[in-house]
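Visitor: Coordinates in final_3.txt, compact mmCIF, C-alpha atoms, are listed below.
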# COMPACT_ATOMS: atom_id res chain seq x y z
CA MET A 244 -33.51 -32.99 -79.55
CA ALA A 245 -34.94 -29.65 -78.45
CA GLU A 246 -32.56 -27.27 -76.73
CA ARG A 247 -32.87 -27.58 -72.99
CA TYR A 248 -33.00 -25.13 -70.11
CA LYS A 249 -31.20 -25.76 -66.83
CA LEU A 250 -32.96 -24.87 -63.60
CA TYR A 251 -30.65 -24.58 -60.59
CA GLY A 252 -32.56 -24.67 -57.34
CA GLY A 253 -33.39 -26.49 -54.14
CA GLY A 254 -36.21 -28.69 -52.94
CA GLY A 255 -36.74 -26.44 -49.92
CA SER A 256 -37.04 -23.29 -52.03
CA PRO A 257 -40.65 -22.29 -52.83
CA TYR A 258 -39.57 -20.26 -55.86
CA SER A 259 -37.56 -23.20 -57.19
CA MET A 260 -40.62 -25.42 -56.80
CA LYS A 261 -42.75 -22.82 -58.54
CA MET A 262 -40.42 -22.56 -61.55
CA ARG A 263 -39.95 -26.32 -61.81
CA GLY A 264 -43.72 -26.76 -61.75
CA ILE A 265 -44.13 -24.15 -64.50
CA LEU A 266 -41.50 -25.76 -66.73
CA ARG A 267 -43.05 -29.19 -66.22
CA TYR A 268 -46.60 -28.03 -66.92
CA ARG A 269 -45.56 -26.12 -70.03
CA ARG A 270 -43.55 -29.13 -71.28
CA ILE A 271 -40.46 -26.99 -71.76
CA PRO A 272 -37.40 -29.28 -71.97
CA HIS A 273 -35.20 -28.70 -68.96
CA ASP A 274 -32.79 -30.26 -66.48
CA TRP A 275 -33.42 -29.87 -62.75
CA ILE A 276 -30.11 -29.36 -60.94
CA LEU A 277 -29.81 -29.11 -57.16
CA ILE A 278 -27.67 -26.12 -56.28
CA THR A 279 -24.43 -26.74 -54.35
CA PRO A 280 -21.85 -24.33 -52.89
CA ALA A 281 -19.58 -25.05 -55.85
CA LEU A 282 -22.33 -24.20 -58.32
CA ARG A 283 -23.21 -21.06 -56.37
CA GLU A 284 -19.61 -19.90 -56.66
CA LYS A 285 -19.57 -20.68 -60.38
CA LEU A 286 -22.82 -18.76 -60.97
CA LYS A 287 -22.27 -15.88 -58.52
CA HIS A 288 -21.95 -13.36 -61.38
CA VAL A 289 -25.66 -13.78 -62.19
CA GLY A 290 -26.85 -11.25 -59.60
CA PRO A 291 -28.32 -11.56 -56.11
CA PRO A 292 -27.42 -14.86 -54.40
CA VAL A 293 -30.93 -16.28 -54.70
CA ILE A 294 -32.47 -19.35 -56.29
CA PRO A 295 -33.71 -20.54 -58.63
CA ILE A 296 -31.33 -19.62 -61.43
CA LEU A 297 -32.54 -20.42 -64.93
CA ALA A 298 -29.98 -21.05 -67.67
CA PHE A 299 -31.54 -20.43 -71.09
CA PRO A 300 -30.53 -22.53 -74.11
CA ASP A 301 -28.65 -19.49 -75.49
CA GLY A 302 -26.47 -19.35 -72.35
CA ARG A 303 -28.24 -16.48 -70.55
CA LEU A 304 -28.68 -16.79 -66.80
CA GLN A 305 -31.53 -15.12 -64.93
CA VAL A 306 -33.09 -15.07 -61.46
CA ASP A 307 -36.46 -13.95 -60.01
CA SER A 308 -39.38 -16.28 -60.67
CA THR A 309 -41.98 -13.71 -61.79
CA PRO A 310 -39.90 -12.10 -64.57
CA LEU A 311 -38.73 -15.60 -65.49
CA ALA A 312 -42.31 -16.80 -65.91
CA TRP A 313 -43.12 -13.79 -68.09
CA GLU A 314 -39.97 -14.31 -70.16
CA LEU A 315 -41.02 -17.89 -70.82
CA GLU A 316 -44.43 -16.62 -71.91
CA SER A 317 -42.73 -14.45 -74.55
CA LEU A 318 -40.63 -17.35 -75.82
CA HIS A 319 -43.11 -20.23 -75.68
CA LYS A 320 -46.74 -19.86 -76.73
CA GLU A 321 -47.99 -23.37 -76.00
CA ARG A 322 -49.77 -24.07 -72.71
CA SER A 323 -49.69 -20.45 -71.57
CA LEU A 324 -50.28 -19.57 -67.93
CA VAL A 325 -52.11 -16.35 -68.85
CA PRO A 326 -55.93 -16.60 -68.94
CA ASP A 327 -57.52 -15.40 -72.16
CA ASP A 328 -59.64 -12.78 -70.40
CA PRO A 329 -57.65 -9.64 -69.39
CA CYS A 330 -59.60 -9.32 -66.14
CA HIS A 331 -58.75 -12.88 -65.14
CA ALA A 332 -55.16 -12.38 -66.30
CA TYR A 333 -54.69 -9.39 -63.99
CA VAL A 334 -56.20 -11.24 -61.02
CA SER A 335 -53.91 -14.18 -61.78
CA ASN A 336 -50.90 -11.85 -61.60
CA LEU A 337 -52.21 -10.36 -58.37
CA ILE A 338 -52.65 -13.79 -56.77
CA GLU A 339 -49.20 -14.85 -57.95
CA ASP A 340 -47.68 -11.85 -56.18
CA PHE A 341 -49.77 -12.61 -53.10
CA GLY A 342 -48.27 -16.10 -53.05
CA ASP A 343 -44.73 -14.81 -53.53
CA GLU A 344 -44.89 -11.90 -51.09
CA TRP A 345 -47.47 -12.82 -48.42
CA CYS A 346 -47.88 -16.60 -48.35
CA THR A 347 -44.11 -16.76 -48.09
CA LYS A 348 -44.53 -15.36 -44.57
CA MET A 349 -46.64 -18.43 -43.76
CA MET A 350 -43.97 -20.71 -45.22
CA PHE A 351 -41.13 -18.99 -43.36
CA HIS A 352 -43.02 -18.85 -40.08
CA TYR A 353 -43.92 -22.53 -39.99
CA ARG A 354 -40.46 -23.59 -41.19
CA TRP A 355 -38.53 -21.79 -38.44
CA ASP A 356 -40.97 -21.23 -35.54
CA LEU A 357 -40.94 -24.61 -33.77
CA GLU A 358 -37.85 -26.65 -32.99
CA ILE A 359 -39.18 -29.75 -34.71
CA ASP A 360 -39.54 -27.82 -37.97
CA GLN A 361 -36.19 -26.06 -37.58
CA ILE A 362 -34.44 -29.42 -37.26
CA TYR A 363 -36.23 -31.03 -40.19
CA SER A 364 -35.92 -28.07 -42.55
CA SER A 365 -32.27 -27.29 -41.88
CA ARG A 366 -31.33 -30.93 -42.43
CA GLN A 367 -33.34 -31.05 -45.67
CA ILE A 368 -31.65 -27.94 -47.04
CA ILE A 369 -28.15 -29.24 -46.27
CA SER A 370 -28.97 -32.73 -47.54
CA ASP A 371 -29.96 -31.22 -50.90
CA SER A 372 -27.17 -28.67 -51.23
CA GLN A 373 -24.20 -30.60 -49.87
CA PRO A 374 -24.48 -34.20 -51.09
CA GLY A 375 -22.26 -36.67 -49.28
CA LEU A 376 -22.40 -35.00 -45.87
CA ARG A 377 -23.31 -37.41 -43.11
CA GLY A 378 -23.17 -37.66 -39.33
CA ASP A 379 -21.67 -34.81 -37.35
CA ALA A 380 -20.66 -32.85 -40.46
CA LEU A 381 -24.27 -32.77 -41.66
CA GLU A 382 -25.57 -31.82 -38.22
CA GLN A 383 -23.07 -28.98 -37.88
CA ALA A 384 -23.84 -27.57 -41.34
CA ALA A 385 -27.57 -27.83 -40.64
CA GLU A 386 -27.12 -25.92 -37.37
CA VAL A 387 -25.43 -23.04 -39.22
CA ILE A 388 -28.40 -22.80 -41.62
CA ARG A 389 -30.84 -23.07 -38.73
CA GLU A 390 -29.27 -20.23 -36.76
CA ARG A 391 -29.04 -17.99 -39.81
CA GLN A 392 -32.65 -18.49 -40.87
CA VAL A 393 -34.12 -18.15 -37.40
CA SER A 394 -32.25 -14.87 -37.04
CA ARG A 395 -34.00 -13.60 -40.19
CA MET A 396 -37.55 -14.24 -38.99
CA ALA A 397 -38.18 -10.68 -37.83
CA LEU A 398 -36.92 -9.34 -41.17
CA VAL A 399 -39.60 -11.35 -42.97
CA GLY A 400 -42.27 -10.33 -40.45
CA CYS A 401 -42.41 -13.68 -38.67
CA THR A 402 -42.53 -12.41 -35.09
CA THR A 403 -44.43 -13.42 -31.98
CA GLN A 404 -46.67 -10.38 -32.43
CA ASN A 405 -47.49 -11.26 -36.04
CA LYS A 406 -47.87 -15.00 -35.44
CA PRO A 407 -51.67 -15.02 -34.90
CA VAL A 408 -52.26 -13.22 -38.22
CA ILE A 409 -49.91 -15.54 -40.11
CA GLU A 410 -51.33 -18.77 -38.70
CA ALA A 411 -54.96 -17.67 -39.11
CA GLY A 412 -54.14 -16.72 -42.71
CA TYR A 413 -52.68 -20.15 -43.47
CA HIS A 414 -55.86 -21.82 -42.28
CA GLU A 415 -58.06 -19.39 -44.21
CA VAL A 416 -56.19 -19.87 -47.49
CA LEU A 417 -56.32 -23.65 -47.06
CA ASN A 418 -60.06 -23.54 -46.36
CA ILE A 419 -60.74 -21.41 -49.43
CA LEU A 420 -58.81 -23.74 -51.71
CA ASP A 421 -60.25 -26.86 -50.09
CA SER A 422 -63.74 -25.77 -51.09
CA PHE A 423 -63.09 -26.25 -54.83
CA VAL A 424 -59.79 -27.87 -55.79
CA THR A 425 -59.92 -31.30 -57.40
CA ARG A 426 -57.66 -33.06 -59.87
CA ASP A 427 -58.66 -30.78 -62.73
CA GLU A 428 -59.90 -27.61 -61.04
CA PHE A 429 -57.82 -24.45 -60.73
CA LEU A 430 -58.41 -20.77 -60.06
CA PHE A 431 -59.48 -19.77 -63.56
CA GLY A 432 -60.54 -23.00 -65.19
CA SER A 433 -59.51 -26.60 -65.66
CA ARG A 434 -55.91 -25.56 -66.39
CA PRO A 435 -53.45 -23.80 -64.07
CA SER A 436 -52.56 -20.12 -64.30
CA LEU A 437 -49.56 -18.18 -63.03
CA GLY A 438 -51.68 -17.41 -59.95
CA ASP A 439 -52.03 -21.13 -59.24
CA PHE A 440 -48.28 -21.60 -59.44
CA GLY A 441 -47.65 -18.58 -57.21
CA LEU A 442 -49.67 -20.33 -54.51
CA PHE A 443 -48.22 -23.73 -55.35
CA GLY A 444 -44.61 -22.71 -54.73
CA GLN A 445 -45.29 -21.79 -51.10
CA LEU A 446 -47.78 -24.61 -50.51
CA LYS A 447 -45.35 -27.19 -51.91
CA VAL A 448 -42.90 -26.34 -49.12
CA LEU A 449 -45.66 -26.08 -46.51
CA ALA A 450 -46.82 -29.55 -47.61
CA SER A 451 -43.32 -30.90 -46.90
CA ASP A 452 -42.30 -29.23 -43.63
CA HIS A 453 -43.47 -31.12 -40.55
CA THR A 454 -46.06 -28.94 -38.78
CA PRO A 455 -47.76 -27.25 -41.76
CA MET A 456 -47.77 -30.57 -43.64
CA LEU A 457 -49.77 -32.21 -40.85
CA ILE A 458 -52.19 -29.28 -40.79
CA MET A 459 -52.72 -29.52 -44.55
CA ARG A 460 -53.01 -33.32 -44.68
CA ASN A 461 -55.32 -33.64 -41.70
CA ARG A 462 -57.57 -30.59 -42.15
CA THR A 463 -57.63 -29.95 -45.91
CA PRO A 464 -56.52 -33.20 -47.59
CA ARG A 465 -57.89 -32.10 -50.98
CA VAL A 466 -55.42 -29.21 -50.98
CA TYR A 467 -52.58 -31.56 -50.08
CA ASP A 468 -53.52 -33.78 -53.06
CA TRP A 469 -53.86 -30.74 -55.35
CA VAL A 470 -50.38 -29.54 -54.44
CA ARG A 471 -48.94 -33.01 -54.90
CA ARG A 472 -50.42 -33.28 -58.40
CA LEU A 473 -49.52 -29.75 -59.49
CA ASP A 474 -45.86 -30.57 -58.90
CA ASP A 475 -45.99 -32.23 -62.32
CA ALA A 476 -49.03 -31.14 -64.33
CA SER A 477 -47.52 -31.97 -67.72
CA GLY A 478 -50.41 -34.32 -68.46
CA ILE A 479 -53.18 -31.82 -67.73
CA GLU A 480 -55.29 -30.51 -70.60
CA GLY A 481 -57.91 -27.91 -69.80
CA GLU A 482 -59.79 -24.75 -70.65
CA TRP A 483 -60.12 -21.26 -69.21
CA HIS A 484 -63.37 -20.08 -67.67
CA GLU A 485 -65.63 -17.80 -69.68
CA ALA A 486 -64.94 -14.11 -69.16
CA ASP A 487 -68.11 -13.47 -67.15
CA PHE A 488 -67.43 -16.25 -64.62
CA VAL A 489 -65.34 -15.85 -61.48
CA ARG A 490 -65.24 -18.59 -58.88
CA PRO A 491 -66.71 -17.59 -55.49
CA GLU A 492 -63.49 -18.92 -54.02
CA VAL A 493 -61.43 -16.48 -56.09
CA LYS A 494 -63.56 -13.70 -54.65
CA ALA A 495 -63.01 -15.09 -51.15
CA LEU A 496 -59.25 -15.17 -51.75
CA LEU A 497 -59.33 -11.58 -53.00
CA SER A 498 -61.31 -10.53 -49.93
CA TYR A 499 -58.65 -12.07 -47.69
CA MET A 500 -55.95 -10.29 -49.71
CA GLY A 501 -57.84 -7.00 -49.34
CA ARG A 502 -57.71 -7.37 -45.54
CA THR A 503 -54.09 -8.48 -45.22
CA TYR A 504 -51.59 -8.54 -48.05
CA LEU A 505 -52.60 -5.35 -49.88
CA PRO A 506 -52.83 -3.11 -46.78
CA PHE A 507 -49.37 -4.35 -45.84
CA MET A 508 -47.96 -3.72 -49.33
CA HIS A 509 -49.41 -0.20 -49.26
CA ALA A 510 -48.02 0.55 -45.79
CA ASN A 511 -44.64 -0.91 -46.73
CA ALA A 512 -44.42 1.34 -49.80
CA GLU A 513 -45.46 4.39 -47.79
CA ALA A 514 -42.88 3.66 -45.10
CA ARG A 515 -40.17 3.21 -47.70
CA GLY A 516 -41.17 6.47 -49.39
CA ALA A 517 -41.03 8.32 -46.07
CA GLY A 518 -37.59 6.94 -45.27
CA ARG A 519 -38.78 4.89 -42.30
CA ASP A 520 -37.21 1.59 -41.31
CA GLU A 521 -40.34 0.04 -39.80
CA VAL A 522 -43.84 -0.75 -41.10
CA THR A 523 -46.60 -0.48 -38.51
CA LEU A 524 -50.29 -1.07 -39.28
CA GLU A 525 -53.32 -3.18 -38.46
CA VAL A 526 -53.68 -6.36 -40.50
CA ASP A 527 -57.07 -8.04 -40.29
CA GLY A 528 -57.80 -6.09 -37.12
CA LYS A 529 -54.58 -7.04 -35.35
CA PRO A 530 -51.31 -5.11 -34.88
CA TRP A 531 -48.53 -5.83 -37.37
CA GLU A 532 -44.97 -4.56 -37.29
CA GLN A 533 -41.85 -5.43 -39.26
CA GLY A 534 -38.95 -3.89 -41.10
CA VAL A 535 -39.47 -2.25 -44.50
CA PHE A 536 -39.01 -4.70 -47.36
CA LYS A 537 -37.52 -2.89 -50.36
CA TYR A 538 -38.22 -5.56 -52.98
CA GLN A 539 -41.93 -5.62 -52.12
CA VAL A 540 -42.16 -1.91 -52.97
CA LYS A 541 -41.12 -2.86 -56.50
CA CYS A 542 -43.73 -5.62 -56.64
CA TYR A 543 -46.49 -3.31 -55.42
CA ASP A 544 -45.56 -0.61 -57.91
CA ARG A 545 -45.61 -3.16 -60.73
CA LEU A 546 -49.14 -4.30 -59.87
CA ARG A 547 -50.45 -0.73 -59.68
CA LYS A 548 -48.93 0.14 -63.04
CA MET A 549 -50.43 -2.97 -64.64
CA LEU A 550 -53.99 -2.09 -63.61
CA PRO A 551 -54.62 0.67 -66.22
CA ASN A 552 -53.45 -1.69 -68.96
CA VAL A 553 -56.73 -3.56 -68.65
CA THR A 554 -59.19 -1.66 -70.81
CA GLY A 555 -62.71 -1.80 -72.17
CA GLU A 556 -65.35 -4.13 -70.81
CA ALA A 557 -62.72 -6.23 -69.02
CA ALA A 558 -61.64 -3.14 -67.07
CA ARG A 559 -65.21 -2.58 -65.91
CA ARG A 560 -65.48 -6.17 -64.66
CA LEU A 561 -62.07 -6.00 -63.02
CA GLU A 562 -62.84 -2.75 -61.20
CA THR A 563 -66.13 -4.17 -59.91
CA LEU A 564 -64.43 -7.36 -58.73
CA LEU A 565 -61.59 -5.56 -56.98
CA ASP A 566 -63.95 -3.02 -55.43
CA GLU A 567 -66.33 -5.67 -54.08
CA THR A 568 -63.47 -7.57 -52.46
CA GLY A 569 -61.78 -4.56 -50.87
CA CYS A 570 -58.71 -4.64 -53.13
CA LEU A 571 -59.29 -1.68 -55.44
CA ARG A 572 -58.56 1.07 -52.89
CA TRP A 573 -55.04 -0.31 -52.42
CA LEU A 574 -54.24 -0.62 -56.14
CA ARG A 575 -55.27 2.80 -57.46
What is this structure when it is put down as structure tokens?
Guide:
Amino acid sequence: MAERYKLYGGGGSPYSMKMRGILRYRRIPHDWILITPALREKLKHVGPPVIPILAFPDGRLQVDSTPLAWELESLHKERSLVPDDPCHAYVSNLIEDFGDEWCTKMMFHYRWDLEIDQIYSSRQIISDSQPGLRGDALEQAAEVIRERQVSRMALVGCTTQNKPVIEAGYHEVLNILDSFVTRDEFLFGSRPSLGDFGLFGQLKVLASDHTPMLIMRNRTPRVYDWVRRLDDASGIEGEWHEADFVRPEVKALLSYMGRTYLPFMHANAEARGAGRDEVTLEVDGKPWEQGVFKYQVKCYDRLRKMLPNVTGEAARRLETLLDETGCLRWLR
């Protein structure tokens, strides 16, 4: 039997869903283990108290879904998530980060904005992480999670002021995807890329929580079905698009990113560099304000440093694509 990985995570964690989907698609033998307080205590030496945690067959433990996905690429060549064309590969990485760092605001907003979602989500999290709790004990534990997460909304940027931008963005992303996704259609071909899984992680949670699930199912049912299937894509066989082809919908997604996510990432990095605590800018023509997010400075820097690594004819196509969609100015 092949050596197996162990993925410790939670059903309500978008990054856990992302990594589980990647492992399933790539047919990498693994065990899915719901994290509990006891396991958290046992694994606390790993680093930041975040999930998922991946235990490698050699005993190593690692967190952070993007470096984890890249590490798996270096260890397993079959069913890669990296498109053959360097231009497409860079855009895939960009979209993955967009999912992780911007679509997560959509996920967090809808999860904790309305009472009906707060109640459902907090109960789901406790039901997964503390098996055996029932009745008043479950309700009390769920209330602790609910209060903690609601208190963090402003930190993530999920405020009353930012709400119109977040909700309009959720609808726009759904509409873009709904215009092309089918059983075997993904961003860069008939097989999923890392960019697809970056979106999937957030959308998987949005497709479960009460309010955003109803929006997705009722308004863009093809996206709901696409997310449901991508949860286990181990049976999918497909091909990458030719280098000179880019879906119009990928361009539309990049255009949205050029109006929202990338201006924010730029402003966040500038604010951090200037020693400010707050980020203030216009996002898609509307005011946006939140606290500086240190980790996203690292993500933004990584994307900018990756851009010059694309060379030759692929670099020319990439520059044209990013320029036409309003992204290039933020990445140079």
Visitor: Quick one: pull the distance between CA of Arg519 in chain A and CA of Leu497 in chain A, Å, one decimal.
Guide: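 Atom-to-atom, CA of Arg519 in chain A and CA of Leu497 in chain A are spaced 28.4 Å apart.
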Visitor: Could you state the separation of CA of Arg247 in chain A and CA of Pro300 in chain A in Å, given to one decimal place?
Guide: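 Between CA of Arg247 in chain A and CA of Pro300 in chain A the gap is 5.7 Å.
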Visitor: Using only C-alpha atoms, which of A:Asn552, A:Thr279, A:Thr568, A:Thr563 sits nearest Gln373 in chain A?
Guide: A:Thr279
Visitor: Tell me which of A:Gly252, A:Pro272, A:Pro257, A:Gly432 sits closest to Val448 in chain A, counting only C-alpha atoms.
Guide: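 Nearest to Val448 in chain A: A:Pro257.
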Visitor: With all atoms listed in the file as the atoms that count, which of A:Gly254, A:Gly342, A:Pro455, A:Gly528 lies nearest to Ser370 in chain A?
Guide: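 The shortest atom-to-atom distance to Ser370 in chain A comes from A:Gly254.
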Visitor: Taking 3 positions as the minimum chain separation for residues in the same chain, which residues sit within 10 Å of range 409-425 of chain A when counting all atoms listed in the file? Answer as a PyMOL selection string.
Guide: chain A and resi 345-353+400-402+404-406+428-430+433+442+446+449+455+458-459+462-470+472+490-496+499-500+503+526-527
Visitor: Residues near Phe507 in chain A, anyone? I mean within 10 Å using all atoms listed in the file, not counting same-chain ones fewer than 6 positions away, as a list in words.
Guide: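 Surrounding residues, per the criterion: Trp345, Met500, Gly501, Glu513, Val522, Thr523, Leu524, Glu525, Val526, Trp531, Glu532, Gln539 and Trp573 of chain A.
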Visitor: CA of Ile296 in chain A to CA of Arg263 in chain A: how many Å, to one decimal?
Guide: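 CA of Arg263 in chain A lies at a distance of 10.9 Å from CA of Ile296 in chain A.
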Visitor: For Leu473 in chain A, work out the shell of residues within 10 Å, counting only C-alpha atoms and skipping chain neighbours fewer than 4 positions away, then give it as a PyMOL selection string.
Guide: chain A and resi 261+264-265+267-268+426-427+429+435+439-440+443-444+447+468-469+477+479
Visitor: Hey, which of A:Ile294, A:Ser256, A:Glu246, A:Glu480 ends up closest to Ile271 in chain A? Count only C-alpha atoms.
Guide: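 The closest residue to Ile271 in chain A is A:Glu246.
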Visitor: Since the input lacks some atoms of range 544-557 of chain A, please model N, CA and C atoms and print them as a PDB file, in the coordinates of the input.
Guide:
ATOM      1  N   ASP A 544     -45.549  -1.600 -56.837  1.00  0.00           N
ATOM      2  CA  ASP A 544     -45.560  -0.610 -57.910  1.00  0.00           C
ATOM      3  C   ASP A 544     -45.890  -1.256 -59.252  1.00  0.00           C
ATOM      4  N   ARG A 545     -45.359  -2.436 -59.477  1.00  0.00           N
ATOM      5  CA  ARG A 545     -45.610  -3.160 -60.730  1.00  0.00           C
ATOM      6  C   ARG A 545     -47.097  -3.494 -60.875  1.00  0.00           C
ATOM      7  N   LEU A 546     -47.729  -3.951 -59.813  1.00  0.00           N
ATOM      8  CA  LEU A 546     -49.140  -4.300 -59.870  1.00  0.00           C
ATOM      9  C   LEU A 546     -50.012  -3.065 -60.118  1.00  0.00           C
ATOM     10  N   ARG A 547     -49.673  -1.958 -59.491  1.00  0.00           N
ATOM     11  CA  ARG A 547     -50.450  -0.730 -59.680  1.00  0.00           C
ATOM     12  C   ARG A 547     -50.315  -0.203 -61.100  1.00  0.00           C
ATOM     13  N   LYS A 548     -49.134  -0.329 -61.664  1.00  0.00           N
ATOM     14  CA  LYS A 548     -48.930   0.140 -63.040  1.00  0.00           C
ATOM     15  C   LYS A 548     -49.597  -0.763 -64.064  1.00  0.00           C
ATOM     16  N   MET A 549     -49.787  -2.028 -63.725  1.00  0.00           N
ATOM     17  CA  MET A 549     -50.430  -2.970 -64.640  1.00  0.00           C
ATOM     18  C   MET A 549     -51.938  -2.746 -64.726  1.00  0.00           C
ATOM     19  N   LEU A 550     -52.529  -2.196 -63.672  1.00  0.00           N
ATOM     20  CA  LEU A 550     -53.990  -2.090 -63.610  1.00  0.00           C
ATOM     21  C   LEU A 550     -54.578  -1.275 -64.768  1.00  0.00           C
ATOM     22  N   PRO A 551     -54.034  -0.101 -65.116  1.00  0.00           N
ATOM     23  CA  PRO A 551     -54.620   0.670 -66.220  1.00  0.00           C
ATOM     24  C   PRO A 551     -54.453   0.014 -67.595  1.00  0.00           C
ATOM     25  N   ASN A 552     -53.624  -1.012 -67.676  1.00  0.00           N
ATOM     26  CA  ASN A 552     -53.450  -1.690 -68.960  1.00  0.00           C
ATOM     27  C   ASN A 552     -54.636  -2.553 -69.332  1.00  0.00           C
ATOM     28  N   VAL A 553     -55.493  -2.834 -68.368  1.00  0.00           N
ATOM     29  CA  VAL A 553     -56.730  -3.560 -68.650  1.00  0.00           C
ATOM     30  C   VAL A 553     -57.771  -2.521 -69.068  1.00  0.00           C
ATOM     31  N   THR A 554     -58.298  -2.682 -70.245  1.00  0.00           N
ATOM     32  CA  THR A 554     -59.190  -1.660 -70.810  1.00  0.00           C
ATOM     33  C   THR A 554     -60.522  -2.261 -71.224  1.00  0.00           C
ATOM     34  N   GLY A 555     -61.432  -1.382 -71.616  1.00  0.00           N
ATOM     35  CA  GLY A 555     -62.710  -1.800 -72.170  1.00  0.00           C
ATOM     36  C   GLY A 555     -63.601  -2.483 -71.161  1.00  0.00           C
ATOM     37  N   GLU A 556     -64.377  -3.441 -71.638  1.00  0.00           N
ATOM     38  CA  GLU A 556     -65.350  -4.130 -70.810  1.00  0.00           C
ATOM     39  C   GLU A 556     -64.659  -4.946 -69.714  1.00  0.00           C
ATOM     40  N   ALA A 557     -63.473  -5.477 -70.019  1.00  0.00           N
ATOM     41  CA  ALA A 557     -62.720  -6.230 -69.020  1.00  0.00           C
ATOM     42  C   ALA A 557     -62.328  -5.339 -67.849  1.00  0.00           C
TER      43      ALA A 557
END
